[in-house]
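Containing mmCIF, C-alpha atoms: upload-v5.cif.
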```
data_input
loop_
_atom_site.label_atom_id
_atom_site.label_comp_id
_atom_site.auth_asym_id
_atom_site.auth_seq_id
_atom_site.Cartn_x
_atom_site.Cartn_y
_atom_site.Cartn_z
CA MET A 1127 0.00 0.00 0.00
CA LYS A 1128 2.86 2.40 0.80
CA ILE A 1129 4.50 1.69 -2.57
CA PHE A 1130 1.19 2.29 -4.31
CA SER A 1131 0.68 5.51 -2.38
CA ASN A 1132 4.14 6.78 -3.31
CA PHE A 1133 3.52 5.95 -6.95
CA SER A 1134 0.14 7.74 -6.87
CA ASP A 1135 1.72 10.82 -5.33
CA LYS A 1136 4.44 10.91 -7.95
CA LEU A 1137 1.93 10.44 -10.75
CA PHE A 1138 -0.24 13.25 -9.34
CA TRP A 1139 2.63 15.73 -9.26
CA LEU A 1140 3.85 14.62 -12.66
CA VAL A 1141 0.41 15.37 -14.14
CA ILE A 1142 0.36 18.78 -12.41
CA ALA A 1143 3.82 19.64 -13.73
CA MET A 1144 2.91 18.61 -17.27
CA GLY A 1145 -0.20 20.77 -17.06
CA PHE A 1146 1.85 23.84 -16.15
CA VAL A 1147 4.30 23.15 -18.96
CA PHE A 1148 1.44 22.81 -21.44
CA LEU A 1149 -0.25 25.96 -20.15
CA PHE A 1150 2.79 28.17 -20.49
CA THR A 1151 4.04 26.82 -23.79
CA ILE A 1152 0.84 27.35 -25.81
CA PRO A 1153 1.80 30.11 -28.24
CA SER A 1154 -0.54 33.11 -28.15
CA PRO A 1155 -1.47 34.68 -31.49
CA GLU A 1156 0.81 37.62 -30.75
CA LYS A 1157 3.79 35.32 -30.11
CA ASN A 1158 3.17 33.20 -33.20
CA THR A 1159 6.06 34.13 -35.50
CA LYS A 1160 4.15 32.82 -38.53
CA PHE A 1161 1.34 35.32 -37.99
CA LYS A 1162 1.83 38.66 -39.73
CA ARG A 1163 -0.78 41.41 -39.45
CA LEU A 1164 -1.58 43.25 -42.67
CA THR A 1165 -0.49 46.89 -42.74
CA LYS A 1166 -3.57 48.02 -44.68
CA HIS A 1167 -7.09 46.64 -44.70
CA ILE A 1168 -10.00 46.95 -47.10
CA PHE A 1169 -12.53 46.17 -44.37
CA PRO A 1170 -10.96 46.89 -40.96
CA GLU A 1171 -14.45 46.68 -39.47
CA LEU A 1172 -14.79 42.98 -40.30
CA LYS A 1173 -14.23 41.44 -36.88
CA TYR A 1174 -16.02 38.93 -34.68
CA PRO A 1175 -18.97 38.77 -34.23
CA TYR A 1176 -19.61 39.08 -37.95
CA THR A 1177 -22.81 40.42 -39.45
CA LEU A 1178 -24.20 40.96 -42.94
CA PRO A 1179 -22.94 44.18 -44.54
CA GLN A 1180 -25.57 46.74 -45.42
CA LEU A 1181 -26.29 46.80 -49.14
CA LYS A 1182 -26.24 50.09 -51.04
CA PHE A 1183 -29.06 48.94 -53.30
CA ALA A 1184 -32.43 47.20 -52.99
CA PHE A 1185 -32.84 43.59 -54.11
CA ASN A 1186 -34.73 44.70 -57.23
CA ASP A 1187 -32.41 47.57 -58.17
CA LEU A 1188 -30.19 45.39 -60.36
CA ALA A 1189 -33.05 43.46 -61.94
CA THR A 1190 -32.12 44.09 -65.56
CA TYR A 1191 -28.88 42.15 -65.04
CA MET A 1192 -29.35 40.32 -61.71
CA ASP A 1193 -32.82 39.20 -60.71
CA GLU A 1194 -34.36 40.10 -57.36
CA GLN A 1195 -34.88 36.50 -56.21
CA THR A 1196 -31.26 35.57 -56.82
CA ILE A 1197 -29.91 38.56 -54.90
CA ASN A 1198 -32.33 37.95 -52.02
CA ILE A 1199 -31.35 34.27 -51.67
CA HIS A 1200 -27.68 35.00 -52.30
CA TYR A 1201 -27.53 37.65 -49.59
CA THR A 1202 -29.93 36.41 -46.90
CA LYS A 1203 -29.26 32.66 -47.21
CA HIS A 1204 -25.84 31.94 -48.72
CA HIS A 1205 -23.93 34.90 -47.31
CA GLN A 1206 -25.66 34.68 -43.94
CA GLY A 1207 -24.82 30.98 -43.82
CA TYR A 1208 -21.09 31.66 -44.16
CA ILE A 1209 -21.30 34.24 -41.37
CA ASP A 1210 -23.10 31.82 -39.05
CA LYS A 1211 -20.44 29.12 -39.55
CA LEU A 1212 -17.62 31.64 -39.07
CA ASN A 1213 -19.08 33.00 -35.82
CA GLY A 1214 -19.69 29.47 -34.64
CA ILE A 1215 -16.06 28.38 -34.92
CA LEU A 1216 -14.68 31.60 -33.42
CA GLU A 1217 -16.84 31.12 -30.33
CA LYS A 1218 -14.43 28.26 -29.56
CA TYR A 1219 -11.30 30.37 -30.13
CA PRO A 1220 -11.68 33.64 -28.16
CA GLU A 1221 -7.96 34.39 -28.49
CA TRP A 1222 -8.50 34.93 -32.24
CA GLN A 1223 -11.66 37.03 -32.05
CA ASN A 1224 -9.98 40.46 -32.05
CA TYR A 1225 -8.22 40.00 -35.37
CA THR A 1226 -9.63 41.34 -38.61
CA LEU A 1227 -10.99 38.78 -41.04
CA GLU A 1228 -8.35 39.86 -43.56
CA ASP A 1229 -5.58 39.12 -41.05
CA LEU A 1230 -7.01 35.66 -40.41
CA LEU A 1231 -7.37 34.90 -44.13
CA ALA A 1232 -3.83 36.10 -44.85
CA ASN A 1233 -2.44 33.82 -42.13
CA LEU A 1234 -4.31 30.55 -42.55
CA ASN A 1235 -1.16 28.47 -41.96
CA ALA A 1236 -0.66 30.13 -38.58
CA LEU A 1237 -4.13 29.25 -37.27
CA PRO A 1238 -5.12 26.06 -35.42
CA GLU A 1239 -6.09 23.49 -38.04
CA GLU A 1240 -9.78 23.33 -37.14
CA LEU A 1241 -10.06 27.12 -37.19
CA SER A 1242 -8.05 27.45 -40.40
CA ILE A 1243 -10.35 25.11 -42.31
CA VAL A 1244 -13.50 27.03 -41.37
CA VAL A 1245 -11.94 30.48 -41.82
CA LYS A 1246 -10.74 29.48 -45.30
CA ALA A 1247 -14.17 28.23 -46.36
CA HIS A 1248 -16.64 30.43 -44.51
CA GLY A 1249 -14.44 33.40 -43.66
CA GLY A 1250 -13.48 33.47 -47.31
CA GLY A 1251 -17.16 33.34 -48.21
CA HIS A 1252 -17.88 36.32 -45.97
CA PHE A 1253 -14.96 38.44 -47.17
CA ASN A 1254 -15.54 37.64 -50.85
CA HIS A 1255 -19.24 38.43 -50.74
CA THR A 1256 -18.66 41.63 -48.78
CA LEU A 1257 -16.32 42.86 -51.52
CA PHE A 1258 -18.71 41.63 -54.22
CA TRP A 1259 -21.68 43.59 -52.81
CA ARG A 1260 -19.53 46.67 -52.16
CA THR A 1261 -18.49 46.94 -55.80
CA LEU A 1262 -22.00 46.66 -57.29
CA CYS A 1263 -24.37 49.53 -58.03
CA LYS A 1264 -27.45 50.37 -60.08
CA LYS A 1265 -26.63 51.16 -63.68
CA SER A 1266 -26.74 54.92 -64.13
CA SER A 1267 -25.27 57.76 -66.09
CA GLU A 1268 -23.02 58.63 -63.15
CA PRO A 1269 -19.26 57.86 -63.44
CA GLU A 1270 -19.41 54.98 -60.96
CA GLY A 1271 -21.77 53.05 -63.23
CA SER A 1272 -20.43 53.89 -66.68
CA GLY A 1273 -16.95 52.35 -66.74
CA PRO A 1274 -13.53 52.79 -65.16
CA TYR A 1275 -11.93 56.21 -65.11
CA GLY A 1276 -9.08 58.06 -63.42
CA ILE A 1277 -6.23 56.05 -61.88
CA ILE A 1278 -8.02 52.70 -62.37
CA LEU A 1279 -8.44 53.23 -66.10
CA GLU A 1280 -4.82 54.38 -66.36
CA LYS A 1281 -3.63 51.26 -64.57
CA ILE A 1282 -5.84 48.98 -66.70
CA ASN A 1283 -4.58 50.52 -69.94
CA SER A 1284 -0.97 50.32 -68.73
CA VAL A 1285 -1.17 46.62 -67.86
CA PHE A 1286 -3.69 45.23 -70.36
CA GLY A 1287 -3.40 47.70 -73.24
CA SER A 1288 -7.08 48.64 -73.20
CA PHE A 1289 -10.28 48.17 -71.22
CA GLU A 1290 -11.54 45.71 -73.84
CA ASN A 1291 -8.40 43.59 -73.43
CA PHE A 1292 -8.92 43.63 -69.67
CA LYS A 1293 -12.54 42.51 -70.05
CA GLN A 1294 -11.48 39.62 -72.27
CA ASP A 1295 -8.79 38.56 -69.82
CA PHE A 1296 -11.31 38.67 -66.98
CA LEU A 1297 -13.85 36.67 -68.99
CA ASP A 1298 -11.24 34.05 -69.89
CA LYS A 1299 -10.44 33.53 -66.22
CA ALA A 1300 -14.12 33.33 -65.31
CA LEU A 1301 -14.72 30.64 -67.92
CA SER A 1302 -11.61 28.72 -66.92
CA ILE A 1303 -13.03 27.91 -63.48
CA VAL A 1304 -14.52 24.41 -63.46
CA GLY A 1305 -17.14 24.44 -60.74
CA SER A 1306 -17.28 27.28 -58.24
CA GLY A 1307 -14.96 30.20 -57.67
CA TRP A 1308 -14.17 33.88 -57.99
CA VAL A 1309 -12.30 36.18 -60.36
CA TRP A 1310 -10.36 39.12 -58.95
CA LEU A 1311 -8.63 42.30 -59.98
CA CYS A 1312 -5.78 42.79 -57.54
CA VAL A 1313 -2.93 45.16 -56.85
CA ASP A 1314 0.40 43.32 -56.71
CA SER A 1315 3.48 44.14 -54.62
CA SER A 1316 4.84 46.48 -57.32
CA GLY A 1317 1.61 48.48 -57.51
CA GLY A 1318 0.49 47.00 -60.81
CA LEU A 1319 -2.83 45.31 -61.53
CA LYS A 1320 -3.28 41.57 -61.94
CA THR A 1321 -6.28 39.36 -62.63
CA PHE A 1322 -6.51 36.25 -60.49
CA ALA A 1323 -8.88 33.27 -60.25
CA THR A 1324 -9.58 31.20 -57.15
CA TYR A 1325 -11.69 28.11 -56.49
CA ASN A 1326 -14.40 27.82 -53.87
CA HIS A 1327 -13.93 30.67 -51.35
CA GLU A 1328 -10.17 31.01 -51.49
CA THR A 1329 -8.77 34.53 -51.54
CA PRO A 1330 -5.55 36.09 -52.88
CA LEU A 1331 -4.79 37.68 -49.50
CA ASN A 1332 -2.12 35.09 -48.66
CA GLN A 1333 -0.51 35.65 -52.08
CA ILE A 1334 0.54 39.22 -51.18
CA LEU A 1335 -2.17 40.49 -53.53
CA LYS A 1336 -4.66 43.19 -52.56
CA PRO A 1337 -8.08 42.78 -54.20
CA ILE A 1338 -10.07 45.77 -55.46
CA LEU A 1339 -12.73 44.08 -57.64
CA ILE A 1340 -14.33 40.65 -57.58
CA LEU A 1341 -16.83 38.54 -59.52
CA ASP A 1342 -18.73 35.59 -58.03
CA VAL A 1343 -19.00 32.68 -60.48
CA TRP A 1344 -20.64 30.22 -58.12
CA GLU A 1345 -23.82 29.02 -59.83
CA HIS A 1346 -26.02 30.35 -57.03
CA ALA A 1347 -24.96 33.85 -58.16
CA TYR A 1348 -26.61 33.54 -61.57
CA TYR A 1349 -28.36 30.23 -62.25
CA LEU A 1350 -31.98 31.37 -61.81
CA LYS A 1351 -31.59 33.98 -64.54
CA TYR A 1352 -28.77 32.66 -66.73
CA GLN A 1353 -28.82 28.88 -66.11
CA ASN A 1354 -25.54 27.52 -67.53
CA ARG A 1355 -24.75 30.65 -69.55
CA ARG A 1356 -21.90 31.96 -67.43
CA VAL A 1357 -20.57 34.08 -70.27
CA ASP A 1358 -23.86 36.01 -70.40
CA PHE A 1359 -23.72 36.60 -66.66
CA VAL A 1360 -20.16 37.93 -66.85
CA ASN A 1361 -21.08 40.25 -69.72
CA ALA A 1362 -24.09 41.54 -67.75
CA TRP A 1363 -22.00 42.12 -64.62
CA TRP A 1364 -19.91 44.80 -66.35
CA ASN A 1365 -23.00 47.01 -66.34
CA LEU A 1366 -23.22 46.94 -62.53
CA ILE A 1367 -19.68 47.66 -61.36
CA ASN A 1368 -19.30 50.61 -59.02
CA TRP A 1369 -16.03 52.00 -60.38
CA LYS A 1370 -16.09 54.85 -57.90
CA GLU A 1371 -15.96 52.28 -55.10
CA VAL A 1372 -13.21 50.32 -56.88
CA GLU A 1373 -11.09 53.45 -57.03
CA ALA A 1374 -11.80 54.20 -53.36
CA ILE A 1375 -10.64 50.71 -52.38
CA TYR A 1376 -7.51 51.12 -54.50
CA LYS A 1377 -6.63 54.37 -52.75
CA THR A 1378 -7.20 52.70 -49.37
CA ILE A 1379 -4.66 49.93 -49.96
CA GLU A 1380 -2.13 51.47 -52.35
#
```
Show the structure stored in the file as structure tokens.
Amino acid sequence: MKIFSNFSDKLFWLVIAMGFVFLFTIPSPEKNTKFKRLTKHIFPELKYPYTLPQLKFAFNDLATYMDEQTINIHYTKHHQGYIDKLNGILEKYPEWQNYTLEDLLANLNALPEELSIVVKAHGGGHFNHTLFWRTLCKKSSEPEGSGPYGIILEKINSVFGSFENFKQDFLDKALSIVGSGWVWLCVDSSGGLKTFATYNHETPLNQILKPILILDVWEHAYYLKYQNRRVDFVNAWWNLINWKEVEAIYKTIE
């Protein structure tokens, strides 16, 4: 009995010691050398708990090119669903709640595996849709609805040769995606523009690219109106881009 008691005592203190070691060796987000905060953010307000962004248009405002039912379902069901899943996982990781969504998406490899998987899928869904809605507007005669101008047009012409060349490049990338994904216009590390395609809800944030314009080519974005005619949807989308907002985003992150 004495031998057993001694063994139990030693085991008890060993467990206590291991607990202290574990407690004090868990790296906090701030001490994680893999985690690098972004210096500039498009949406610094996107932090836990996440909510739907307010739209700058009514569901039926884009009806000529995007039908009311699609936008309603897209916004209130699909986008809200990504937010719900993202909030759900972050409830379990309070030490990561104060970071911007962009910081989390740019540092997926530095996150706990369970958190990284959900942030990549549903955090990406929230960020991508937020940028998508932000860069849409009713078609009008105002500059923001009539085509790129100013610094954005200058950059497009410099990189692609013309706006028409840029549109073709963007369309080619949209049609190259088999299944679901997004097409982006990004600012690269040298300040130039680059088109970029991603699958599912991946983002270019961890590629040192800063997005300023995005197109959703998941089927739920267009199927009710365009069925399998993705090319028609892309061509219609050009009529709804808020170029004033694109330029504002560019100036925020340049």
What does the structure give for the distance between CA of Val1357 in chain A and CA of Pro1337 in chain A, in Å to one decimal? 22.1 Å
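Remark: for Lys1281 in chain A, the closest of the candidate residues A:Gly1317, A:Pro1330, A:Gly1214, A:Gly1250 is A:Gly1317 (distances computed over all atoms listed in the file).
For the structure in this document, the set picked by the PyMOL selection byres ((chain A and resi 1296) around 10) is Glu1290, Asn1291, Phe1292, Lys1293, Gln1294, Asp1295, Leu1297, Asp1298, Lys1299, Ala1300, Leu1301, Ser1302, Val1309, Trp1310, Leu1311, Lys1320, Thr1321, Phe1322, Ala1323, Leu1341 and Val1360 of chain A.
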Same residues, C-alpha atoms, saved as a tab-separated table (two decimals), keeping the file's coordinate frame:
```
chain	number	residue	atom	x	y	z
A	1290	GLU	CA	-11.54	45.71	-73.84
A	1291	ASN	CA	-8.40	43.59	-73.43
A	1292	PHE	CA	-8.92	43.63	-69.67
A	1293	LYS	CA	-12.54	42.51	-70.05
A	1294	GLN	CA	-11.48	39.62	-72.27
A	1295	ASP	CA	-8.79	38.56	-69.82
A	1297	LEU	CA	-13.85	36.67	-68.99
A	1298	ASP	CA	-11.24	34.05	-69.89
A	1299	LYS	CA	-10.44	33.53	-66.22
A	1300	ALA	CA	-14.12	33.33	-65.31
A	1301	LEU	CA	-14.72	30.64	-67.92
A	1302	SER	CA	-11.61	28.72	-66.92
A	1309	VAL	CA	-12.30	36.18	-60.36
A	1310	TRP	CA	-10.36	39.12	-58.95
A	1311	LEU	CA	-8.63	42.30	-59.98
A	1320	LYS	CA	-3.28	41.57	-61.94
A	1321	THR	CA	-6.28	39.36	-62.63
A	1322	PHE	CA	-6.51	36.25	-60.49
A	1323	ALA	CA	-8.88	33.27	-60.25
A	1341	LEU	CA	-16.83	38.54	-59.52
A	1360	VAL	CA	-20.16	37.93	-66.85
```
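The neighbours of Glu1328 in chain A here are the residues that come within 9 Å of it, using all atoms listed in the file and leaving out any residue fewer than 5 positions away in the same chain; they are A:Leu1231, A:Lys1246, A:Ala1247, A:Gly1250, A:Gly1251, A:Asn1254, A:Gly1307, A:Trp1308.
Compared by their closest atoms to Leu1227 in chain A, and using only C-alpha atoms, the residues A:Ser1316, A:Asn1283, A:Thr1256, A:Gln1333 rank with A:Thr1256 nearest.
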Which of these residues is nearest to Thr1165 in chain A, using all atoms listed in the file: A:Ile1340, A:Leu1366, A:Ile1199, A:Ile1334?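 Closest candidate: A:Ile1334.
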Counting only C-alpha atoms, figure out which residue out of A:Ser1288, A:Arg1355, A:Pro1175, A:Leu1335 gets nearest to Asn1224 in chain A.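 Using only C-alpha atoms, Asn1224 in chain A sits closest to A:Pro1175.
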Assuming the chain letters and numbering stay as they are in my file, what does the PyMOL selection byres ((chain A and resi 1249) around 10) actually select? List them as a PyMOL selection string. chain A and resi 1176+1208-1213+1227-1228+1230-1231+1242-1248+1250-1255+1327-1329
Could you tell me which of A:Asn1198, A:Asn1354, A:Thr1190, A:Gln1206 comes closest to Leu1178 in chain A if we count only C-alpha atoms?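 Going through A:Asn1198, A:Asn1354, A:Thr1190, A:Gln1206 one by one, the smallest distance to Leu1178 in chain A is for A:Gln1206.
Of note, CA of Val1372 in chain A and CA of Ile1338 in chain A are spaced 5.7 Å apart.
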So how far away is CA of Asn1365 in chain A from CA of Val1313 in chain A, in Å?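 Rounded to one decimal, the two atoms are 22.3 Å apart.
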List every protein, DNA or RNA residue that has at least one atom no more than 7 Å from (-7.7, 32.3, -35.2) in the file's coordinates, counting only C-alpha atoms, and write the result as a list in words. Tyr1219, Trp1222, Gln1223, Leu1230, Leu1237, Pro1238 and Leu1241 of chain A
The PyMOL selection byres ((chain A and resi 1189) around 12) applied to the shown file, residues as a PyMOL selection string: chain A and resi 1183-1188+1190-1198+1263-1265+1348+1351+1362-1363+1365-1366
Test item: residues at most 8 Å from Val1285 in chain A, all atoms listed in the file, excluding those fewer than 3 positions along its chain, as a PyMOL selection string: chain A and resi 1281-1282+1318-1319
Counting all atoms listed in the file, the residue of A:Lys1336, A:Lys1166, A:Lys1173, A:His1346 that sits nearest His1204 in chain A: A:His1346
With 5 Å of padding per side, what axis-aligned box (centre and edge lengths, Å, one decimal) covers all the listed atoms of range 1300-1304 of chain A? Give it as lines of an AutoDock Vina configuration file.
```
center_x = -13.2
center_y = 28.9
center_z = -65.7
size_x = 13.1
size_y = 18.9
size_z = 14.5
```
Reconstruct range 1180-1216 of chain A at the level of N, CA and C atoms, and format the result as a CSV table (one decimal), keeping the file's coordinate frame.
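Result file follows (part-v7.csv):
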```csv
chain,number,residue,atom,x,y,z
A,1180,GLN,N,-24.4,46.1,-44.9
A,1180,GLN,CA,-25.6,46.7,-45.4
A,1180,GLN,C,-25.4,47.0,-46.9
A,1181,LEU,N,-26.4,46.6,-47.7
A,1181,LEU,CA,-26.3,46.8,-49.1
A,1181,LEU,C,-26.6,48.2,-49.5
A,1182,LYS,N,-26.0,48.7,-50.6
A,1182,LYS,CA,-26.2,50.1,-51.0
A,1182,LYS,C,-27.3,50.1,-52.1
A,1183,PHE,N,-28.0,49.0,-52.3
A,1183,PHE,CA,-29.1,48.9,-53.3
A,1183,PHE,C,-30.1,48.0,-52.8
A,1184,ALA,N,-31.3,48.1,-53.3
A,1184,ALA,CA,-32.4,47.2,-53.0
A,1184,ALA,C,-32.3,45.9,-53.8
A,1185,PHE,N,-32.9,44.9,-53.4
A,1185,PHE,CA,-32.8,43.6,-54.1
A,1185,PHE,C,-33.3,43.7,-55.6
A,1186,ASN,N,-34.2,44.6,-55.9
A,1186,ASN,CA,-34.7,44.7,-57.2
A,1186,ASN,C,-34.1,45.8,-58.0
A,1187,ASP,N,-33.1,46.5,-57.5
A,1187,ASP,CA,-32.4,47.6,-58.2
A,1187,ASP,C,-31.6,47.1,-59.3
A,1188,LEU,N,-31.1,45.9,-59.3
A,1188,LEU,CA,-30.2,45.4,-60.4
A,1188,LEU,C,-30.9,44.5,-61.3
A,1189,ALA,N,-32.2,44.5,-61.3
A,1189,ALA,CA,-33.0,43.5,-61.9
A,1189,ALA,C,-32.8,43.2,-63.4
A,1190,THR,N,-32.4,44.3,-64.1
A,1190,THR,CA,-32.1,44.1,-65.6
A,1190,THR,C,-31.0,43.1,-65.8
A,1191,TYR,N,-30.1,43.0,-64.9
A,1191,TYR,CA,-28.9,42.2,-65.0
A,1191,TYR,C,-28.8,41.1,-64.0
A,1192,MET,N,-29.3,41.3,-62.8
A,1192,MET,CA,-29.4,40.3,-61.7
A,1192,MET,C,-30.7,40.3,-61.1
A,1193,ASP,N,-31.4,39.2,-61.1
A,1193,ASP,CA,-32.8,39.2,-60.7
A,1193,ASP,C,-33.0,39.3,-59.2
A,1194,GLU,N,-34.1,39.8,-58.8
A,1194,GLU,CA,-34.4,40.1,-57.4
A,1194,GLU,C,-34.3,38.8,-56.5
A,1195,GLN,N,-34.9,37.7,-57.0
A,1195,GLN,CA,-34.9,36.5,-56.2
A,1195,GLN,C,-33.5,36.0,-56.0
A,1196,THR,N,-32.6,36.0,-57.0
A,1196,THR,CA,-31.3,35.6,-56.8
A,1196,THR,C,-30.5,36.4,-55.8
A,1197,ILE,N,-30.6,37.7,-55.9
A,1197,ILE,CA,-29.9,38.6,-54.9
A,1197,ILE,C,-30.4,38.3,-53.5
A,1198,ASN,N,-31.7,38.2,-53.3
A,1198,ASN,CA,-32.3,38.0,-52.0
A,1198,ASN,C,-31.8,36.7,-51.4
A,1199,ILE,N,-31.8,35.6,-52.2
A,1199,ILE,CA,-31.4,34.3,-51.7
A,1199,ILE,C,-29.8,34.3,-51.4
A,1200,HIS,N,-29.1,34.9,-52.4
A,1200,HIS,CA,-27.7,35.0,-52.3
A,1200,HIS,C,-27.2,35.7,-51.0
A,1201,TYR,N,-27.9,36.8,-50.7
A,1201,TYR,CA,-27.5,37.6,-49.6
A,1201,TYR,C,-28.0,37.1,-48.3
A,1202,THR,N,-29.3,36.8,-48.2
A,1202,THR,CA,-29.9,36.4,-46.9
A,1202,THR,C,-29.7,34.9,-46.5
A,1203,LYS,N,-29.4,34.1,-47.5
A,1203,LYS,CA,-29.3,32.7,-47.2
A,1203,LYS,C,-27.8,32.2,-47.3
A,1204,HIS,N,-27.2,32.4,-48.5
A,1204,HIS,CA,-25.8,31.9,-48.7
A,1204,HIS,C,-24.9,32.8,-47.9
A,1205,HIS,N,-24.9,34.1,-48.1
A,1205,HIS,CA,-23.9,34.9,-47.3
A,1205,HIS,C,-24.2,34.8,-45.8
A,1206,GLN,N,-25.4,34.8,-45.4
A,1206,GLN,CA,-25.7,34.7,-43.9
A,1206,GLN,C,-25.2,33.3,-43.4
A,1207,GLY,N,-25.3,32.3,-44.2
A,1207,GLY,CA,-24.8,31.0,-43.8
A,1207,GLY,C,-23.3,30.9,-43.6
A,1208,TYR,N,-22.5,31.6,-44.4
A,1208,TYR,CA,-21.1,31.7,-44.2
A,1208,TYR,C,-20.8,32.4,-42.9
A,1209,ILE,N,-21.5,33.5,-42.6
A,1209,ILE,CA,-21.3,34.2,-41.4
A,1209,ILE,C,-21.6,33.4,-40.1
A,1210,ASP,N,-22.7,32.7,-40.2
A,1210,ASP,CA,-23.1,31.8,-39.0
A,1210,ASP,C,-22.0,30.8,-38.7
A,1211,LYS,N,-21.5,30.1,-39.8
A,1211,LYS,CA,-20.4,29.1,-39.6
A,1211,LYS,C,-19.2,29.8,-39.0
A,1212,LEU,N,-18.8,30.9,-39.5
A,1212,LEU,CA,-17.6,31.6,-39.1
A,1212,LEU,C,-17.7,32.1,-37.6
A,1213,ASN,N,-18.9,32.6,-37.2
A,1213,ASN,CA,-19.1,33.0,-35.8
A,1213,ASN,C,-19.1,31.8,-34.9
A,1214,GLY,N,-19.6,30.7,-35.4
A,1214,GLY,CA,-19.7,29.5,-34.6
A,1214,GLY,C,-18.3,28.9,-34.3
A,1215,ILE,N,-17.4,28.9,-35.2
A,1215,ILE,CA,-16.1,28.4,-34.9
A,1215,ILE,C,-15.3,29.3,-34.0
A,1216,LEU,N,-15.5,30.6,-34.2
A,1216,LEU,CA,-14.7,31.6,-33.4
A,1216,LEU,C,-15.2,31.7,-32.0
```
